[in-house]
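data.cif follows; it contains mmCIF, C-alpha atoms.
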data_upload
loop_
_atom_site.label_atom_id
_atom_site.label_comp_id
_atom_site.auth_asym_id
_atom_site.auth_seq_id
_atom_site.Cartn_x
_atom_site.Cartn_y
_atom_site.Cartn_z
CA MET E 1419 0.00 0.00 0.00
CA ARG E 1420 1.40 3.39 -1.00
CA ASN E 1421 2.83 5.35 1.91
CA SER E 1422 1.25 2.89 4.32
CA PRO E 1423 2.22 3.47 7.98
CA SER E 1424 3.99 0.64 9.75
CA SER E 1425 2.68 1.28 13.29
CA ILE E 1426 -0.75 1.33 14.90
CA MET E 1427 -2.11 2.57 18.22
CA ILE E 1428 -5.07 0.51 19.46
CA PHE E 1429 -7.11 2.31 22.11
CA ALA E 1430 -8.09 -0.23 24.77
CA ALA E 1431 -7.91 1.76 28.00
CA GLY E 1432 -11.54 2.78 28.44
CA LEU E 1433 -13.48 1.91 31.57
CA GLY E 1434 -16.40 0.31 29.74
CA THR E 1435 -18.87 1.64 32.31
CA ARG E 1436 -21.78 1.57 29.84
CA MET E 1437 -21.35 -2.21 29.64
CA GLY E 1438 -22.52 -2.56 33.26
CA ASP E 1439 -21.91 -5.96 34.85
CA LEU E 1440 -20.25 -7.27 31.68
CA THR E 1441 -17.09 -5.38 32.62
CA ALA E 1442 -17.17 -6.22 36.32
CA ASP E 1443 -14.42 -8.80 35.85
CA ARG E 1444 -12.92 -7.94 32.48
CA PRO E 1445 -11.94 -4.88 30.44
CA LYS E 1446 -14.23 -3.95 27.58
CA PRO E 1447 -11.85 -5.23 24.84
CA MET E 1448 -12.20 -8.72 26.34
CA ILE E 1449 -15.99 -8.87 25.78
CA ASN E 1450 -16.83 -11.63 23.32
CA ILE E 1451 -18.47 -10.91 19.98
CA ALA E 1452 -19.33 -13.97 17.87
CA GLY E 1453 -17.05 -16.17 19.94
CA LYS E 1454 -13.94 -14.02 20.28
CA PRO E 1455 -12.94 -10.89 22.21
CA LEU E 1456 -13.30 -7.46 20.66
CA ILE E 1457 -9.51 -6.99 20.81
CA ASP E 1458 -9.05 -10.10 18.65
CA HIS E 1459 -11.42 -8.74 16.02
CA ALA E 1460 -9.29 -5.58 15.90
CA LEU E 1461 -6.01 -7.48 15.73
CA SER E 1462 -7.31 -9.65 12.88
CA LEU E 1463 -7.67 -6.49 10.82
CA VAL E 1464 -4.22 -5.29 11.89
CA ASN E 1465 -2.62 -8.57 10.86
CA ASP E 1466 -4.50 -8.64 7.56
CA ALA E 1467 -3.21 -5.13 6.80
CA ASP E 1468 0.36 -6.31 7.53
CA ILE E 1469 1.12 -3.56 10.03
CA GLY E 1470 4.47 -4.26 11.65
CA LYS E 1471 4.08 -2.71 15.09
CA ALA E 1472 1.05 -2.54 17.38
CA VAL E 1473 0.80 -0.57 20.64
CA VAL E 1474 -2.15 -1.22 22.98
CA ASN E 1475 -2.86 1.13 25.87
CA LEU E 1476 -4.00 -0.23 29.23
CA HIS E 1477 -5.96 1.13 32.18
CA TYR E 1478 -8.85 -0.92 33.63
CA LEU E 1479 -8.01 -4.53 34.65
CA PRO E 1480 -4.86 -4.49 32.50
CA ASP E 1481 -3.65 -7.96 33.48
CA ALA E 1482 -6.52 -9.60 31.62
CA LEU E 1483 -5.38 -7.99 28.37
CA THR E 1484 -1.67 -8.60 28.84
CA ARG E 1485 -2.30 -12.28 29.65
CA HIS E 1486 -4.57 -12.72 26.64
CA LEU E 1487 -2.11 -11.04 24.27
CA GLN E 1488 1.01 -12.67 25.69
CA GLY E 1489 3.36 -13.98 23.03
CA GLN E 1490 2.06 -11.67 20.31
CA ASN E 1491 4.19 -8.91 18.85
CA ILE E 1492 2.46 -6.17 20.83
CA LEU E 1493 3.79 -3.33 22.96
CA PHE E 1494 1.81 -1.98 25.91
CA SER E 1495 1.42 1.60 27.06
CA ASP E 1496 0.50 1.65 30.74
CA GLU E 1497 -2.13 4.19 31.83
CA THR E 1498 -3.18 2.41 35.01
CA ASP E 1499 -2.27 5.41 37.19
CA ARG E 1500 -4.28 7.92 35.16
CA LEU E 1501 -6.58 7.67 32.15
CA LEU E 1502 -5.21 10.05 29.53
CA GLU E 1503 -8.01 10.11 26.90
CA THR E 1504 -7.23 9.45 23.24
CA GLY E 1505 -4.85 12.33 22.61
CA GLY E 1506 -2.97 11.95 25.86
CA GLY E 1507 -2.78 8.20 25.43
CA PHE E 1508 -1.30 8.59 21.97
CA LYS E 1509 1.15 11.20 23.21
CA LYS E 1510 2.40 8.91 25.99
CA ALA E 1511 2.93 6.07 23.50
CA ALA E 1512 4.53 8.26 20.82
CA ASP E 1513 8.09 7.08 21.45
CA MET E 1514 7.01 3.48 20.84
CA LEU E 1515 5.10 4.39 17.68
CA GLY E 1516 7.90 6.27 15.92
CA SER E 1517 7.99 9.58 14.07
CA ASP E 1518 6.27 8.52 10.84
CA ALA E 1519 2.51 8.57 10.29
CA VAL E 1520 0.58 6.11 12.47
CA PHE E 1521 -2.73 4.27 12.26
CA THR E 1522 -5.05 4.56 15.26
CA MET E 1523 -7.98 2.28 15.91
CA ASN E 1524 -10.62 1.91 18.61
CA SER E 1525 -10.98 -1.61 19.99
CA ASP E 1526 -14.77 -1.52 20.49
CA ALA E 1527 -16.08 -1.74 16.92
CA ILE E 1528 -17.07 -4.49 14.49
CA TRP E 1529 -16.73 -4.16 10.73
CA LYS E 1530 -18.58 -5.79 7.83
CA GLY E 1531 -16.85 -5.19 4.53
CA GLN E 1532 -13.36 -4.31 3.40
CA ASN E 1533 -10.56 -3.97 5.90
CA PRO E 1534 -10.88 -0.36 7.12
CA LEU E 1535 -7.13 -0.04 7.67
CA LYS E 1536 -6.50 -0.81 4.02
CA ILE E 1537 -9.03 1.83 2.96
CA VAL E 1538 -7.30 4.65 4.83
CA ALA E 1539 -3.87 3.40 3.74
CA GLU E 1540 -4.89 3.56 0.08
CA THR E 1541 -6.20 7.13 0.49
CA TRP E 1542 -3.38 8.52 2.65
CA ASN E 1543 -1.22 11.25 1.12
CA ALA E 1544 1.48 12.45 3.51
CA GLU E 1545 2.28 15.50 1.38
CA ARG E 1546 -1.23 16.96 1.70
CA MET E 1547 -2.63 15.47 4.90
CA ASP E 1548 -1.79 15.71 8.58
CA ALA E 1549 -4.59 13.30 9.49
CA LEU E 1550 -7.12 11.19 7.59
CA LEU E 1551 -10.34 10.01 9.26
CA LEU E 1552 -12.41 7.04 8.10
CA LEU E 1553 -16.07 8.05 8.14
CA VAL E 1554 -19.31 6.15 7.58
CA PRO E 1555 -22.80 7.43 6.63
CA GLN E 1556 -25.47 7.19 9.30
CA ASP E 1557 -27.39 4.45 7.45
CA ARG E 1558 -24.37 2.13 7.63
CA ALA E 1559 -23.49 2.97 11.26
CA HIS E 1560 -25.02 0.62 13.83
CA GLY E 1561 -25.23 0.17 17.57
CA HIS E 1562 -25.36 3.77 18.77
CA GLU E 1563 -27.60 6.78 19.01
CA ALA E 1564 -27.67 8.93 15.89
CA GLN E 1565 -24.73 11.27 15.88
CA HIS E 1566 -23.55 13.44 13.01
CA ASP E 1567 -19.87 14.15 13.49
CA PHE E 1568 -18.37 15.39 10.24
CA ASP E 1569 -18.87 16.45 6.66
CA LEU E 1570 -16.53 16.43 3.67
CA THR E 1571 -15.84 19.13 1.11
CA ASP E 1572 -15.47 18.34 -2.59
CA HIS E 1573 -11.69 18.20 -2.04
CA GLY E 1574 -11.92 15.74 0.86
CA HIS E 1575 -11.34 18.20 3.69
CA VAL E 1576 -13.20 17.46 6.92
CA LYS E 1577 -15.52 20.01 8.51
CA ARG E 1578 -18.05 19.97 11.36
CA PRO E 1579 -20.89 19.08 11.69
CA GLY E 1580 -22.22 16.76 9.01
CA PRO E 1581 -23.91 13.47 8.08
CA PHE E 1582 -20.94 11.17 8.66
CA ARG E 1583 -19.86 9.30 11.79
CA TYR E 1584 -16.21 8.80 12.74
CA THR E 1585 -15.46 5.08 12.87
CA GLY E 1586 -12.45 5.13 15.20
CA VAL E 1587 -9.90 4.49 12.42
CA GLN E 1588 -7.48 7.12 11.16
CA ILE E 1589 -3.94 7.86 10.05
CA ILE E 1590 -2.25 10.78 11.79
CA LYS E 1591 1.16 12.38 11.95
CA PRO E 1592 2.44 11.99 15.54
CA GLN E 1593 3.89 15.51 15.62
CA ARG E 1594 0.37 16.98 15.46
CA VAL E 1595 -0.45 15.16 18.71
CA THR E 1596 2.81 15.53 20.62
CA GLU E 1597 2.89 19.31 20.06
CA VAL E 1598 -0.15 19.64 22.36
CA GLN E 1599 1.14 20.82 25.76
CA ASP E 1600 -1.47 19.00 27.89
CA ASP E 1601 -1.03 15.46 29.17
CA VAL E 1602 -4.74 14.59 29.21
CA PHE E 1603 -6.76 15.55 26.12
CA SER E 1604 -8.96 14.20 23.37
CA LEU E 1605 -7.89 13.83 19.75
CA ASN E 1606 -10.82 16.15 19.00
CA LEU E 1607 -8.54 18.99 20.10
CA VAL E 1608 -6.02 18.02 17.45
CA TRP E 1609 -8.66 17.57 14.78
CA ASN E 1610 -10.14 21.01 15.43
CA ARG E 1611 -6.69 22.56 14.98
CA LEU E 1612 -6.20 20.65 11.73
CA ILE E 1613 -9.64 21.64 10.42
CA ALA E 1614 -8.68 25.29 10.93
CA LYS E 1615 -5.49 24.71 8.92
CA GLY E 1616 -7.16 22.70 6.16
CA LYS E 1617 -5.04 19.67 7.00
CA LEU E 1618 -7.71 17.21 8.21
CA TYR E 1619 -9.06 14.93 5.50
CA GLY E 1620 -11.62 12.15 5.41
CA CYS E 1621 -12.66 9.17 3.33
CA ILE E 1622 -15.82 7.06 3.35
CA TYR E 1623 -16.14 3.43 4.38
CA GLU E 1624 -18.40 1.59 1.95
CA GLY E 1625 -19.19 -1.31 4.30
CA HIS E 1626 -21.03 -1.44 7.61
CA TRP E 1627 -19.68 -0.46 11.04
CA CYS E 1628 -21.01 -1.21 14.51
CA ASP E 1629 -20.09 0.60 17.71
CA VAL E 1630 -20.15 -1.89 20.61
CA GLY E 1631 -20.63 0.74 23.27
CA ASN E 1632 -23.32 -0.87 25.42
CA PRO E 1633 -24.80 -4.35 25.98
CA SER E 1634 -27.36 -3.99 23.16
CA GLY E 1635 -24.47 -3.40 20.76
CA ILE E 1636 -23.29 -6.99 21.25
CA HIS E 1637 -26.41 -8.46 19.64
CA ILE E 1638 -26.38 -5.83 16.90
CA ALA E 1639 -22.71 -6.60 16.10
CA GLU E 1640 -23.27 -10.35 16.04
CA SER E 1641 -26.33 -9.95 13.80
CA LEU E 1642 -24.30 -7.73 11.47
CA LEU E 1643 -21.51 -10.32 11.20
CA ALA E 1644 -24.06 -13.05 10.42
CA SER E 1645 -25.90 -10.98 7.82
CA ASP E 1646 -25.50 -10.82 4.04
CA VAL E 1647 -25.16 -7.03 3.83
#

Turn the structure described in the file into structure tokens.
Amino acid sequence: MRNSPSSIMIFAAGLGTRMGDLTADRPKPMINIAGKPLIDHALSLVNDADIGKAVVNLHYLPDALTRHLQGQNILFSDETDRLLETGGGFKKAADMLGSDAVFTMNSDAIWKGQNPLKIVAETWNAERMDALLLLVPQDRAHGHEAQHDFDLTDHGHVKRPGPFRYTGVQIIKPQRVTEVQDDVFSLNLVWNRLIAKGKLYGCIYEGHWCDVGNPSGIHIAESLLASDV
């Protein structure tokens, strides 16, 4: 894949409080969907995209994840002392990820269609873009309340608000994150800066995406995987 990054940050440090009792004894990425944990679904896509280095951040019940992933070529970024949000978590892991552009991916989603990492890799242009978000239209976004995050211009620039939902997959230049002075912050802060500079781009996922954010999302995700869409 042209200009494809060789590192990925997988966000797995959330508390999973909306999952209720399901996360009483396990972190959210260890919840099973169609017979395997969410984190394994994510790593299947990472392996299929042939990404050389994966960093997983940890916070809630971290030992369950490290035991499950033992023996795999994965680095861990420890946030057990303080949850840093997406931007702060990326910033803490930046030394492990390297200075070149990096994939990021949420660990609580299920995909039906092409590998989303390959889609953003094929669209990425490091000369024009500082970050590239993978977006999905509302009618192909499942498992969450309606939320319109972004829109796209004719030239592929991202703006707010709009009819597309962010899927949790992107490519971003680490420098745009590490230049933020705070330790705890959301990647939304970075994106807003890039929108103002005309350096945030987006592309559309043509398949279906499911956010597994609450218990009802488990059934929706499993139905999606079993469907013919």

With all atoms listed in the file counted and 10 Å as the cut-off, give the residues of stretch 1576-1608 of chain E in contact with stretch 1540-1543 of chain E, each with its shortest interatomic distance in Å and the pair that gives it, as JSON lines.
{"residue": "E:Gln1588", "atom": "CA", "partner": "E:Trp1542", "partner_atom": "CA", "distance": 9.5}
{"residue": "E:Ile1589", "atom": "CA", "partner": "E:Trp1542", "partner_atom": "CA", "distance": 7.5}
{"residue": "E:Ile1590", "atom": "CA", "partner": "E:Trp1542", "partner_atom": "CA", "distance": 9.5}

9 Å contact set for E:Asp1526, only C-alpha atoms, chain neighbours under 3 positions out, as a PyMOL selection string | chain E and resi 1429-1430+1446-1447+1456-1457+1460+1586+1628-1631

Using all atoms listed in the file, which of E:Leu1515, E:Leu1487, E:Ala1544, E:Ala1639 sits nearest E:Ala1559?
->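 The closest residue to E:Ala1559 is E:Ala1639.
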
Pick from E:Leu1461, E:Met1547, E:Leu1440, E:Ala1467: nearest to E:Ile1528, with all atoms listed in the file counted?
-> E:Leu1461

Could you please determine the separation between atom CA of E:Glu1640 and atom CA of E:Asp1557 in Å, to one decimal place?
->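 Between atom CA of E:Glu1640 and atom CA of E:Asp1557 the gap is 17.6 Å.
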
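When atom CA of E:Asp1443 is paired with atom CA of E:Lys1509, their separation reads 28.3 Å.
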
Using all atoms listed in the file, which residue out of E:His1562, E:Lys1577, E:Arg1500, E:Arg1444 lies closest to E:Pro1480?
-> E:Arg1444

Evaluate the PyMOL selection byres ((chain E and resi 1470-1472) around 7) and record the selected residues as a ChimeraX atom specification, following the chain and residue labels used in the document.
-> /E:1424-1427,1468-1469,1473-1474,1492-1493
